[in-house]
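Student: Next up, target-v2.cif (mmCIF, C-alpha atoms (C1' of nucleotides)).
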data_coords
loop_
_atom_site.label_atom_id
_atom_site.label_comp_id
_atom_site.auth_asym_id
_atom_site.auth_seq_id
_atom_site.Cartn_x
_atom_site.Cartn_y
_atom_site.Cartn_z
CA ARG K 54 0.00 0.00 0.00
CA LEU K 55 1.12 3.46 -0.81
CA ARG K 56 0.35 4.85 2.62
CA LYS K 57 2.31 2.11 4.32
CA TRP K 58 5.19 2.72 1.95
CA GLN K 59 5.19 6.43 2.65
CA GLU K 60 5.08 5.77 6.35
CA ARG K 61 8.13 3.57 6.05
CA ILE K 62 9.99 6.29 4.24
CA ARG K 63 8.87 8.83 6.79
CA THR K 64 10.00 6.59 9.66
CA LYS K 65 13.27 5.91 7.93
CA ASP K 66 13.82 9.62 7.34
CA ALA K 67 12.96 10.42 10.93
CA GLY K 68 15.35 7.75 12.14
CA GLU K 69 18.04 9.06 9.89
CA ARG K 70 17.50 12.59 11.12
CA ASN K 71 17.62 11.40 14.74
CA LEU K 72 20.87 9.57 14.08
CA GLN K 73 22.39 12.63 12.47
CA PHE K 74 21.28 14.75 15.39
CA ALA K 75 22.79 12.32 17.90
CA LEU K 76 26.08 12.17 16.04
CA SER K 77 26.30 15.93 15.73
CA GLU K 78 25.59 16.26 19.43
CA ILE K 79 28.35 13.78 20.21
CA ASP K 80 30.63 15.86 18.03
CA ARG K 81 29.63 19.09 19.72
CA MET K 82 30.08 17.72 23.24
CA ALA K 83 33.35 16.02 22.34
CA SER K 84 34.72 19.31 21.06
CA ALA K 85 33.60 21.12 24.18
CA LEU K 86 35.32 18.48 26.29
CA GLY K 87 38.42 18.57 24.14
CA VAL K 88 38.60 14.85 23.53
CA PRO K 89 40.35 13.44 20.43
CA ARG K 90 38.54 12.37 17.27
CA SER K 91 39.11 8.71 18.08
CA VAL K 92 36.89 9.04 21.15
CA ARG K 93 34.10 10.57 19.07
CA GLU K 94 34.30 7.62 16.73
CA VAL K 95 34.09 5.15 19.60
CA ALA K 96 31.14 7.10 21.00
CA SER K 97 29.42 6.96 17.61
CA VAL K 98 29.89 3.21 17.43
CA ILE K 99 28.45 2.80 20.93
CA TYR K 100 25.48 5.00 20.02
CA ARG K 101 24.79 3.00 16.83
CA ARG K 102 24.97 -0.24 18.78
CA ALA K 103 22.49 1.13 21.31
CA LEU K 104 20.26 2.18 18.43
CA ASN K 105 20.47 -1.22 16.74
CA GLU K 106 19.62 -3.02 19.97
CA ASP K 107 16.68 -0.74 20.55
CA LEU K 108 18.03 0.65 23.81
CA ILE K 109 16.85 4.17 23.08
CA ARG K 110 13.16 3.40 23.49
CA GLY K 111 11.96 5.19 26.61
CA ARG K 112 15.11 7.33 26.81
CA SER K 113 16.13 10.62 25.28
CA ILE K 114 18.41 10.66 22.26
CA GLU K 115 20.56 13.26 23.95
CA GLY K 116 20.81 11.15 27.09
CA VAL K 117 22.02 8.10 25.18
CA ALA K 118 24.38 10.21 23.07
CA THR K 119 25.90 11.78 26.19
CA SER K 120 26.23 8.43 27.92
CA ALA K 121 27.87 6.94 24.84
CA LEU K 122 30.43 9.73 24.92
CA TYR K 123 31.00 9.28 28.66
CA ALA K 124 31.52 5.55 28.08
CA ALA K 125 33.82 6.17 25.11
CA CYS K 126 36.07 8.46 27.16
CA ARG K 127 36.40 5.72 29.76
CA GLN K 128 36.99 3.03 27.20
CA GLU K 129 39.77 5.09 25.63
CA GLY K 130 41.43 5.70 28.97
CA ILE K 131 40.79 9.44 29.11
CA PRO K 132 37.74 9.62 31.39
CA ARG K 133 35.70 12.71 32.04
CA SER K 134 33.73 12.93 35.27
CA LEU K 135 29.95 12.89 35.09
CA ASP K 136 30.09 16.50 36.26
CA GLU K 137 32.25 17.50 33.33
CA VAL K 138 30.11 15.65 30.81
CA ALA K 139 26.92 17.08 32.29
CA GLU K 140 28.32 20.59 31.82
CA VAL K 141 28.36 20.22 28.04
CA SER K 142 25.14 18.23 27.82
CA ARG K 143 21.57 19.38 28.16
CA VAL K 144 20.80 16.20 30.11
CA PRO K 145 20.98 16.25 33.92
CA GLN K 146 23.88 14.39 35.52
CA LYS K 147 21.61 11.96 37.26
CA GLU K 148 20.08 10.83 33.99
CA ILE K 149 23.48 10.52 32.31
CA GLY K 150 24.66 8.24 35.10
CA ARG K 151 21.52 6.13 34.99
CA THR K 152 21.56 5.85 31.20
CA TYR K 153 25.27 5.03 31.19
CA ARG K 154 24.70 2.16 33.62
CA TYR K 155 21.87 0.88 31.45
CA ILE K 156 23.62 0.90 28.06
CA SER K 157 26.85 -0.30 29.64
CA GLN K 158 24.98 -3.30 31.03
CA GLU K 159 22.93 -4.02 27.90
CA LEU K 160 25.82 -3.68 25.47
CA GLY K 161 28.13 -5.61 27.76
CA LEU K 162 30.77 -2.88 27.67
CA GLU K 163 32.28 -4.27 30.88
CA LEU K 164 34.30 -1.14 31.58
CA LYS K 165 36.58 -1.37 34.57
CA PRO K 166 36.18 1.15 37.39
CA VAL K 167 37.78 4.49 36.56
CA ASP K 168 41.42 4.67 37.62
CA PRO K 169 42.17 7.95 39.48
CA LYS K 170 45.59 8.05 37.80
CA GLN K 171 43.87 8.74 34.48
CA PHE K 172 42.87 12.19 35.73
CA VAL K 173 46.37 13.20 36.82
CA PRO K 174 47.87 14.49 33.55
CA ARG K 175 44.83 16.62 32.71
CA PHE K 176 44.29 18.07 36.20
CA ALA K 177 48.01 18.65 36.71
CA SER K 178 48.48 20.50 33.44
CA ALA K 179 45.42 22.63 34.14
CA LEU K 180 47.27 23.65 37.31
CA ASN K 181 50.59 24.13 35.50
CA LEU K 182 52.23 21.46 37.59
CA SER K 183 55.45 19.76 36.54
CA GLU K 184 56.07 16.22 35.34
CA GLU K 185 57.65 15.58 38.70
CA VAL K 186 54.44 16.40 40.55
CA GLN K 187 52.48 14.15 38.22
CA ALA K 188 54.86 11.27 38.88
CA LYS K 189 54.59 11.84 42.62
CA ALA K 190 50.80 12.02 42.51
CA THR K 191 50.71 8.79 40.53
CA GLU K 192 52.91 7.15 43.12
CA ILE K 193 50.68 8.35 45.95
CA ILE K 194 47.63 6.92 44.19
CA ASP K 195 49.31 3.56 43.65
CA VAL K 196 50.53 3.24 47.22
CA SER K 197 47.29 4.32 48.89
CA ALA K 198 45.12 2.28 46.53
CA GLU K 199 47.24 -0.75 47.30
CA GLN K 200 46.53 -0.24 50.97
CA GLY K 201 42.82 -0.42 50.30
CA LEU K 202 42.04 3.27 50.62
CA LEU K 203 40.40 3.56 47.21
CA SER K 204 37.35 1.35 47.80
CA GLY K 205 34.16 3.40 47.49
CA LYS K 206 35.95 6.70 46.97
CA SER K 207 35.33 9.00 44.04
CA PRO K 208 38.18 8.72 41.50
CA THR K 209 38.26 12.50 40.96
CA GLY K 210 38.47 13.25 44.67
CA PHE K 211 41.18 10.64 45.10
CA ALA K 212 43.19 12.08 42.22
CA ALA K 213 42.69 15.64 43.44
CA ALA K 214 43.99 14.82 46.91
CA ALA K 215 47.05 13.06 45.49
CA ILE K 216 47.83 16.03 43.26
CA TYR K 217 47.45 18.40 46.20
CA ALA K 218 49.76 16.25 48.31
CA ALA K 219 52.29 15.92 45.50
CA SER K 220 52.31 19.67 44.89
CA LEU K 221 53.26 20.17 48.54
CA LEU K 222 55.93 17.48 48.49
CA CYS K 223 57.51 18.89 45.33
CA ASN K 224 57.44 22.50 46.51
CA GLU K 225 55.00 23.54 43.83
CA LYS K 226 52.16 24.17 46.21
CA LYS K 227 48.64 24.69 44.96
CA THR K 228 45.86 25.56 47.36
CA GLN K 229 43.09 23.09 48.09
CA ARG K 230 40.70 25.50 46.44
CA GLU K 231 42.69 25.60 43.20
CA VAL K 232 42.86 21.81 42.99
CA ALA K 233 39.22 21.49 44.04
CA ASP K 234 38.15 23.78 41.22
CA VAL K 235 39.84 21.87 38.41
CA ALA K 236 38.73 18.50 39.79
CA GLN K 237 35.23 19.74 40.62
CA VAL K 238 35.21 18.39 44.16
CA THR K 239 35.05 20.23 47.48
CA GLU K 240 37.99 21.22 49.64
CA VAL K 241 36.56 19.00 52.35
CA THR K 242 36.88 15.95 50.13
CA ILE K 243 40.49 16.81 49.24
CA ARG K 244 41.28 17.32 52.92
CA ASN K 245 39.79 13.97 53.90
CA ARG K 246 41.49 11.95 51.15
CA TYR K 247 44.76 13.84 51.62
CA GLN K 248 44.99 12.91 55.31
CA GLU K 249 44.53 9.21 54.54
CA GLN K 250 46.98 9.24 51.67
CA ILE K 251 49.71 11.03 53.61
CA GLU K 252 49.37 8.44 56.32
CA ALA K 253 49.50 5.61 53.79
CA MET K 254 52.72 7.08 52.37
CA GLY K 255 54.24 7.00 55.82
CA PHE K 256 54.41 10.76 56.15
CA ARG K 257 52.67 10.88 59.47
CA MET O 664 30.68 -20.49 65.42
CA SER O 665 29.94 -16.82 64.92
CA GLY O 666 30.20 -15.72 61.32
CA PRO O 667 28.91 -12.96 59.06
CA ALA O 668 25.49 -14.66 58.97
CA ASP O 669 25.12 -13.99 62.70
CA SER O 670 25.54 -10.27 62.11
CA ILE O 671 22.44 -10.07 59.93
CA GLU O 672 19.89 -7.51 61.08
CA ILE O 673 16.58 -6.94 59.36
CA GLN O 674 16.23 -3.20 58.78
CA ASN O 675 13.00 -2.89 56.87
CA VAL O 676 10.14 -5.11 55.77
CA VAL O 677 7.68 -4.14 53.05
CA ALA O 678 4.38 -5.99 52.86
CA SER O 679 1.04 -5.64 51.13
CA THR O 680 -2.47 -6.58 52.12
CA GLY O 681 -6.07 -5.52 51.60
CA ILE O 682 -9.18 -5.20 53.72
CA GLY O 683 -11.56 -6.23 50.94
CA GLN O 684 -13.48 -2.99 51.16
CA GLU O 685 -13.41 0.27 49.22
CA LEU O 686 -12.49 3.33 51.23
CA ASP O 687 -13.36 7.01 51.24
CA LEU O 688 -9.90 8.40 51.87
CA GLU O 689 -11.10 11.98 52.29
CA ALA O 690 -13.33 10.90 55.18
CA LEU O 691 -10.66 8.59 56.55
CA ALA O 692 -8.11 11.42 56.54
CA ASP O 693 -10.46 13.39 58.82
CA ASP O 694 -11.22 10.48 61.13
CA LEU O 695 -7.68 9.17 61.50
CA PRO O 696 -5.55 11.53 63.64
CA GLY O 697 -2.09 11.95 62.14
CA ALA O 698 -3.02 10.72 58.69
CA ASP O 699 -1.36 12.42 55.71
CA PHE O 700 -3.38 12.56 52.52
CA ASN O 701 -2.30 14.61 49.50
CA PRO O 702 -4.13 13.12 46.52
CA ASP O 703 -2.46 15.64 44.23
CA ASN O 704 0.93 14.16 45.03
CA PHE O 705 0.13 10.56 45.69
CA PRO O 706 -3.09 8.49 45.65
CA GLY O 707 -2.37 6.79 48.96
CA LEU O 708 -3.10 8.00 52.49
CA VAL O 709 -0.10 7.74 54.81
CA TYR O 710 -0.65 6.52 58.35
CA ARG O 711 2.14 5.87 60.83
CA THR O 712 2.07 3.57 63.85
CA GLN O 713 4.33 4.29 66.84
CA GLU O 714 4.66 0.86 68.42
CA PRO O 715 5.85 -0.94 66.45
CA LYS O 716 7.10 1.89 64.28
CA ALA O 717 5.86 1.52 60.73
CA ALA O 718 4.21 3.47 57.94
CA ALA O 719 1.19 2.33 55.98
CA LEU O 720 0.00 3.53 52.60
CA ILE O 721 -3.76 3.09 52.43
CA PHE O 722 -5.47 3.17 49.04
CA ARG O 723 -9.01 3.81 47.86
CA SER O 724 -9.26 0.19 46.73
CA GLY O 725 -8.72 -0.96 50.30
CA LYS O 726 -5.26 -2.27 49.50
CA ILE O 727 -2.55 -1.38 51.98
CA VAL O 728 1.25 -1.28 51.85
CA CYS O 729 3.15 -1.46 55.12
CA THR O 730 6.80 -0.40 55.28
CA GLY O 731 9.39 0.50 57.85
CA ALA O 732 8.81 -2.45 60.19
CA LYS O 733 11.85 -4.20 61.65
CA SER O 734 10.43 -7.72 61.46
CA ILE O 735 7.65 -9.75 59.91
CA ASP O 736 6.00 -9.95 63.32
CA ASP O 737 6.06 -6.16 63.53
CA VAL O 738 4.39 -5.96 60.12
CA HIS O 739 1.52 -8.11 61.39
CA GLU O 740 1.33 -6.15 64.61
CA ALA O 741 1.29 -2.77 62.87
CA LEU O 742 -1.30 -3.87 60.33
CA GLY O 743 -3.37 -5.37 63.16
CA ILE O 744 -3.43 -1.96 64.81
CA ILE O 745 -4.58 -0.38 61.55
CA PHE O 746 -7.28 -3.00 60.98
CA ASP O 747 -8.61 -2.32 64.49
CA LYS O 748 -8.53 1.44 63.95
CA LEU O 749 -10.60 1.00 60.80
CA ARG O 750 -13.06 -1.28 62.58
CA GLU O 751 -13.43 1.36 65.28
CA LEU O 752 -14.57 3.69 62.52
CA SER O 753 -17.22 1.12 61.56
CA ILE O 754 -15.38 0.11 58.42
CA PRO O 755 -15.83 -3.59 57.71
CA VAL O 756 -12.43 -5.28 57.57
CA ASP O 757 -11.93 -8.92 56.54
CA GLU O 758 -11.38 -11.34 59.42
CA GLU O 759 -7.75 -12.07 58.68
CA PRO O 760 -6.60 -10.25 55.58
CA GLU O 761 -3.77 -12.04 53.81
CA ILE O 762 -0.46 -10.27 54.34
CA THR O 763 2.24 -10.76 51.71
CA VAL O 764 5.86 -9.84 52.40
CA GLN O 765 7.21 -8.12 49.29
CA ASN O 766 10.74 -7.16 50.27
CA ILE O 767 13.10 -7.49 53.20
CA VAL O 768 16.11 -5.20 53.62
CA SER O 769 18.89 -6.50 55.85
CA SER O 770 22.36 -5.38 56.80
CA ALA O 771 25.36 -7.49 57.80
CA ASP O 772 29.09 -7.28 58.40
CA LEU O 773 31.57 -9.54 56.64
CA GLY O 774 34.18 -8.62 59.22
CA HIS O 775 36.94 -7.69 56.77
CA ASN O 776 37.63 -4.70 54.57
CA LEU O 777 36.92 -5.28 50.91
CA ASN O 778 38.88 -4.26 47.82
CA LEU O 779 35.91 -3.29 45.69
CA ASN O 780 37.98 -2.80 42.55
CA ALA O 781 39.31 -6.34 42.73
CA LEU O 782 35.86 -7.60 43.67
CA ALA O 783 34.23 -5.94 40.66
CA ILE O 784 36.57 -7.80 38.33
CA GLY O 785 36.56 -11.01 40.33
CA LEU O 786 32.80 -11.35 40.66
CA GLY O 787 32.48 -10.57 36.95
CA LEU O 788 31.94 -7.12 35.47
CA GLU O 789 28.77 -8.39 33.78
CA ASP O 790 27.05 -9.02 37.11
CA VAL O 791 28.49 -6.04 38.92
CA GLU O 792 27.77 -2.36 39.01
CA TYR O 793 30.48 -0.35 40.76
CA GLU O 794 30.57 3.35 40.04
CA PRO O 795 32.24 5.01 43.04
CA GLU O 796 31.77 8.39 41.40
CA GLN O 797 28.05 7.92 41.84
CA PHE O 798 27.74 5.66 44.88
CA PRO O 799 30.34 4.09 47.21
CA GLY O 800 28.76 0.65 47.19
CA LEU O 801 29.32 -2.20 44.73
CA VAL O 802 25.99 -3.55 43.49
CA TYR O 803 25.90 -7.31 43.00
CA ARG O 804 22.83 -9.07 41.63
CA MET O 805 22.61 -12.65 42.82
CA ASP O 806 20.38 -15.18 41.07
CA GLU O 807 19.85 -17.70 43.87
CA PRO O 808 18.54 -16.45 46.13
CA LYS O 809 17.33 -13.64 43.89
CA VAL O 810 18.55 -10.65 45.87
CA VAL O 811 20.69 -7.58 45.35
CA ILE O 812 23.68 -7.09 47.60
CA LEU O 813 25.41 -3.77 48.18
CA LEU O 814 29.01 -4.28 49.31
CA PHE O 815 31.09 -1.53 50.91
CA GLY O 816 34.79 -1.06 51.49
CA SER O 817 34.27 -1.51 55.23
CA GLY O 818 32.95 -5.01 54.73
CA LYS O 819 29.45 -3.92 55.73
CA ILE O 820 26.77 -5.05 53.31
CA VAL O 821 23.08 -4.57 52.55
CA ILE O 822 20.88 -7.37 51.21
CA THR O 823 17.59 -6.37 49.58
CA GLY O 824 14.99 -7.78 47.24
CA GLY O 825 14.40 -10.98 49.21
CA LYS O 826 10.95 -12.09 50.33
CA ARG O 827 11.91 -14.63 52.96
CA THR O 828 13.82 -14.23 56.19
CA ASP O 829 16.37 -16.87 55.23
CA ASP O 830 17.12 -15.28 51.83
CA ALA O 831 19.55 -12.89 53.54
CA GLU O 832 21.24 -15.75 55.36
CA THR O 833 21.64 -17.83 52.22
CA ALA O 834 22.86 -14.79 50.31
CA VAL O 835 25.48 -13.91 52.93
CA GLU O 836 26.80 -17.47 52.99
CA GLU O 837 26.95 -17.47 49.20
CA ILE O 838 28.67 -14.10 48.85
CA VAL O 839 31.21 -14.97 51.54
CA GLU O 840 31.97 -18.17 49.68
CA ARG O 841 32.42 -16.37 46.37
CA ILE O 842 34.61 -13.65 47.83
CA ASP O 843 36.67 -16.19 49.71
CA ALA O 844 37.12 -18.28 46.55
CA LEU O 845 38.64 -15.20 44.94
CA GLY O 846 41.03 -14.86 47.83
CA LEU O 847 39.62 -11.41 48.53
CA LEU O 848 38.29 -12.02 52.02
CA GLY O 849 40.65 -10.95 54.77
"C1'" DG E 759 9.02 6.36 33.60
"C1'" DC E 760 7.13 9.33 37.76
"C1'" DT E 761 4.81 10.27 42.23
"C1'" DT E 762 5.23 8.18 48.20
"C1'" DT E 763 6.91 5.08 52.29
"C1'" DA E 764 10.96 3.04 55.15
"C1'" DA E 765 15.78 1.55 56.28
"C1'" DA E 766 20.85 0.33 55.97
"C1'" DA E 767 25.47 1.04 53.93
"C1'" DA E 768 29.55 5.27 53.05
"C1'" DG E 769 30.88 9.13 50.24
"C1'" DT E 770 30.10 13.73 48.95
"C1'" DA E 771 28.07 18.26 49.34
"C1'" DA E 772 25.97 22.45 51.19
"C1'" DG E 773 24.88 25.66 54.71
"C1'" DA E 774 25.47 27.08 59.37
"C1'" DT E 775 28.32 28.03 63.34
"C1'" DA L 476 37.41 23.86 60.51
"C1'" DT L 477 33.62 20.98 62.22
"C1'" DC L 478 28.73 19.87 62.62
"C1'" DT L 479 24.21 18.97 60.82
"C1'" DT L 480 21.27 17.80 57.29
"C1'" DA L 481 20.53 15.83 52.97
"C1'" DC L 482 21.20 13.48 48.79
"C1'" DT L 483 23.31 9.32 45.97
"C1'" DT L 484 22.22 3.44 45.41
"C1'" DT L 485 19.37 -1.19 45.98
"C1'" DG L 486 14.35 -3.62 46.42
"C1'" DA L 487 8.90 -4.03 46.35
"C1'" DA L 488 3.93 -2.88 46.59
"C1'" DA L 489 0.05 0.39 45.98
"C1'" DA L 490 -3.20 3.82 41.78
"C1'" DG L 491 -2.78 6.89 38.26
"C1'" DC L 492 -0.68 9.88 35.07
#
Output the structure of this file as structure tokens.

Tutor:
Amino acid sequence: RLRKWQERIRTKDAGERNLQFALSEIDRMASALGVPRSVREVASVIYRRALNEDLIRGRSIEGVATSALYAACRQEGIPRSLDEVAEVSRVPQKEIGRTYRYISQELGLELKPVDPKQFVPRFASALNLSEEVQAKATEIIDVSAEQGLLSGKSPTGFAAAAIYAASLLCNEKKTQREVADVAQVTEVTIRNRYQEQIEAMGFR
Amino acid sequence: MSGPADSIEIQNVVASTGIGQELDLEALADDLPGADFNPDNFPGLVYRTQEPKAAALIFRSGKIVCTGAKSIDDVHEALGIIFDKLRELSIPVDEEPEITVQNIVSSADLGHNLNLNALAIGLGLEDVEYEPEQFPGLVYRMDEPKVVILLFGSGKIVITGGKRTDDAETAVEEIVERIDALGLLG
DNA sequence: GCTTTAAAAAGTAAGAT
DNA sequence: ATCTTACTTTGAAAAGC
């Protein structure tokens, strides 16, 4: 039937337009976050997979697109926090997190927990900290994580505290406020993690 | 032998029942001191009992949800109080309405700190949800018994989704066994 | 999906002192 | 800086949008 045929075309066109919109949104957000082109491609693949497996039904296109980008950053080893992703998305952070968990589960992405060390280079350079501070922060993260201090703690807060501690140890001091701002955590969180990490390092 | 299973404490029991009679919630809200009824927000009337402490959601259909009780006995006791209150208001209530436990929330202590990162990989990323940026607990969905376990770095855990008292016990024994098999228990 | 109820776990946050 | 309060997660039912 002609009507049925037209409807198919209309549906196909609508689907195509939605896909283009999602991909352009991924591109826009990726640019705003400053992630490399490879991550956008991974995000696009994740979005198409979600589309093919009908995971978008009942969810917003923007929400799935944002979550795909969040997942892609993690998969490529250059994670962005949910806060950072939410800043460039029009979807609330809570929905991004919930949608990410859903598509991650359904697509079997099996992404490992975010490693705090992956935030060090980006946070440290935003603070104009040296290579030496980065190495020290990485060491602090390794040692304190090994002693079980990482369980349940936010990766960004853990990284921020280690960077703060390392900046002190390397005589390139940054204030808790400065580190808190780039990591988007509170000074209280840095203070709490810092105390534990210093103790784990054997510095009283 | 005292083990993690002995540390289990029921924290909340959710149950449903019905009095087999339609209710005028507007009138009931006036006759029941302390009742909260905001039909614009939620269709149920909220009524709280003090001893045992519990909260009941009473619906127009006569169906009731009881939550907040610390044991199955408390659920029966609290609902008994509500049934009597309704009878006092000349509302016909079935002799012994059937009470169905829908969910039991329990807490327990494994007695050792847990490396949640290692646990997430060990238990299998496909069955685990661990997003410390969003919540400090690792979420583990167990098939038998069918419950959800939240595991924390302290070794404290929460078991929810079970309908029977012994679901929590079985689940704790099972999770301890699995963690131990991974060499991740103390 | 949402709305409401209750309770635990532990981390993070916000506002007050 | 420390305290209090509050929000994040899990589960289930109820009636209705």

Student: What residues in chain K lie within 12 Å of chain L, counting only C-alpha atoms (C1' of nucleotides), written as a list in words?

Tutor: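 Applying the cut-off to the listed atoms yields Gln146, Lys147, Gly150, Arg151, Glu240, Val241 and Arg244 of chain K.
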
Student: Just write the chosen residues, C-alpha atoms, as a PDB file, keeping the file's coordinate frame.

Tutor:
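Final output, again37.pdb:
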ATOM      1  CA  GLN K 146      23.880  14.390  35.520  1.00  0.00           C
ATOM      2  CA  LYS K 147      21.610  11.960  37.260  1.00  0.00           C
ATOM      3  CA  GLY K 150      24.660   8.240  35.100  1.00  0.00           C
ATOM      4  CA  ARG K 151      21.520   6.130  34.990  1.00  0.00           C
ATOM      5  CA  GLU K 240      37.990  21.220  49.640  1.00  0.00           C
ATOM      6  CA  VAL K 241      36.560  19.000  52.350  1.00  0.00           C
ATOM      7  CA  ARG K 244      41.280  17.320  52.920  1.00  0.00           C
TER       8      ARG K 244
END

Student: Please return, as a list in words, all polymer residues that have at least one atom within 9 Å of the point (3.8, 3.1, 60.8); use only C-alpha atoms (C1' of nucleotides) and the file's own coordinate frame.

Tutor: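 Residues with an atom at most 9 Å from (3.8, 3.1, 60.8): Val709, Tyr710, Arg711, Thr712, Gln713, Glu714, Pro715, Lys716, Ala717, Ala718, Ala719, Cys729, Thr730, Gly731, Ala732, Ala741 and Leu742 of chain O.
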
Student: I need the residue set behind the PyMOL selection byres ((chain K and resi 88-99) around 12) for this file; please write it as a PyMOL selection string.

Tutor: chain K and resi 72-87+100-106+108-109+117-133+137-138+153+156-157+159-162+175

Student: What is the distance, in Å and to one decimal place, between atom CA of Ile762 of chain O and atom CA of Arg723 of chain O?

Tutor: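 Atom CA of Arg723 of chain O lies at a distance of 17.7 Å from atom CA of Ile762 of chain O.
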
Student: Kindly provide, as a list in words, the residues of chain O having any atom no farther than 7 Å from an atom of chain E, counting only C-alpha atoms (C1' of nucleotides).

Tutor: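 The selection requested is Gln674, Asn675, Asn704, Phe705, Ala718, Thr730, Gly731, Ser770, Pro799, Phe815, Lys819, Ile820 and Val821 of chain O.
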
Student: What is the atom CA of Glu751 of chain O-atom CA of Asp736 of chain O distance in Å, reported with one decimal?

Tutor: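 Answer for the atom CA of Glu751 of chain O to atom CA of Asp736 of chain O separation: 22.6 Å.
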
Student: Would you tabulate, counting only C-alpha atoms, all residues of chain O that have an atom at most 6 Å from an atom of chain K, showing the closest pair of atoms and their distance in Å to one decimal, sorted by chain then ascending number, as a tab-separated table?

Tutor:
residue	atom	partner	partner_atom	distance
O:Asn778	CA	K:Ser204	CA	5.8
O:Leu779	CA	K:Ser204	CA	5.3
O:Leu788	CA	K:Glu163	CA	5.4
O:Pro795	CA	K:Gly205	CA	5.1
O:Glu796	CA	K:Ser207	CA	4.5
O:Pro799	CA	K:Gly205	CA	3.9
O:Gly816	CA	K:Ser204	CA	5.1

Student: How would you write, as a ChimeraX atom specification, the residues chosen by the PyMOL selection byres ((chain O and resi 810) around 9) on this structure?

Tutor: /O:803-809,811-812,822-826,830-831,834 /L:486

Student: By how many Å are atom CA of Tyr247 of chain K and atom CA of Ala215 of chain K apart?

Tutor: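 Result for atom CA of Tyr247 of chain K versus atom CA of Ala215 of chain K: 6.6 Å, one decimal.
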
Student: For this file, the PyMOL selection byres ((chain O) within 8 of (chain L)) selects which residues, as a PyMOL selection string?

Tutor: chain O and resi 677-679+706-707+720-722+726-728+765-768+797-798+800+802+811-813+823-825

Student: Applying 7 Å and only C-alpha atoms (C1' of nucleotides), which residues near Lys170 of chain K remain after dropping the ones on its own chain fewer than 2 positions away? List them as a PDB file with C-alpha atoms, keeping the file's coordinate frame.

Tutor:
ATOM      1  CA  ASP K 168      41.420   4.670  37.620  1.00  0.00           C
ATOM      2  CA  PHE K 172      42.870  12.190  35.730  1.00  0.00           C
ATOM      3  CA  VAL K 173      46.370  13.200  36.820  1.00  0.00           C
ATOM      4  CA  THR K 191      50.710   8.790  40.530  1.00  0.00           C
ATOM      5  CA  ILE K 194      47.630   6.920  44.190  1.00  0.00           C
ATOM      6  CA  ALA K 212      43.190  12.080  42.220  1.00  0.00           C
TER       7      ALA K 212
END

Student: Please define a box with edges along x, y and z of the file around all atoms of segment 173-189 of chain K given in the file, extend it by 5 Å on each side, and return its centre and edge lengths in Å to one decimal, as lines of an AutoDock Vina configuration file.

Tutor:
center_x = 51.0
center_y = 17.7
center_z = 37.7
size_x = 23.4
size_y = 22.9
size_z = 19.9

Student: Residues within 10 Å of segment 691-694 of chain O, please, as a PDB file with C-alpha atoms, keeping the file's coordinate frame. Count only C-alpha atoms (C1' of nucleotides); anything in the same chain fewer than 2 positions from it doesn't count.

Tutor:
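Final file, part.pdb:
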ATOM      1  CA  LEU O 686     -12.490   3.330  51.230  1.00  0.00           C
ATOM      2  CA  ASP O 687     -13.360   7.010  51.240  1.00  0.00           C
ATOM      3  CA  LEU O 688      -9.900   8.400  51.870  1.00  0.00           C
ATOM      4  CA  GLU O 689     -11.100  11.980  52.290  1.00  0.00           C
ATOM      5  CA  PRO O 696      -5.550  11.530  63.640  1.00  0.00           C
ATOM      6  CA  GLY O 697      -2.090  11.950  62.140  1.00  0.00           C
ATOM      7  CA  ALA O 698      -3.020  10.720  58.690  1.00  0.00           C
ATOM      8  CA  ASP O 699      -1.360  12.420  55.710  1.00  0.00           C
ATOM      9  CA  PHE O 700      -3.380  12.560  52.520  1.00  0.00           C
ATOM     10  CA  ASN O 701      -2.300  14.610  49.500  1.00  0.00           C
ATOM     11  CA  LEU O 708      -3.100   8.000  52.490  1.00  0.00           C
ATOM     12  CA  VAL O 709      -0.100   7.740  54.810  1.00  0.00           C
ATOM     13  CA  TYR O 710      -0.650   6.520  58.350  1.00  0.00           C
ATOM     14  CA  ILE O 721      -3.760   3.090  52.430  1.00  0.00           C
ATOM     15  CA  LYS O 748      -8.530   1.440  63.950  1.00  0.00           C
ATOM     16  CA  LEU O 749     -10.600   1.000  60.800  1.00  0.00           C
ATOM     17  CA  LEU O 752     -14.570   3.690  62.520  1.00  0.00           C
ATOM     18  CA  ILE O 754     -15.380   0.110  58.420  1.00  0.00           C
TER      19      ILE O 754
END

Student: For chain E, which residue among K:Glu148, K:Glu140, K:Glu231, K:Asp195 is the nearest when counting all atoms listed in the file?

Tutor: K:Glu148

Student: Export segment 121-132 of chain K, C-alpha atoms, as a compact mmCIF listing (two decimals), in the first residue's frame; it's the structure right above.

Tutor:
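Below is the file selection03.txt, written as the result:
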# COMPACT_ATOMS: atom_id res chain seq x y z
CA ALA K 121 27.87 6.94 24.84
CA LEU K 122 30.43 9.73 24.92
CA TYR K 123 31.00 9.28 28.66
CA ALA K 124 31.52 5.55 28.08
CA ALA K 125 33.82 6.17 25.11
CA CYS K 126 36.07 8.46 27.16
CA ARG K 127 36.40 5.72 29.76
CA GLN K 128 36.99 3.03 27.20
CA GLU K 129 39.77 5.09 25.63
CA GLY K 130 41.43 5.70 28.97
CA ILE K 131 40.79 9.44 29.11
CA PRO K 132 37.74 9.62 31.39
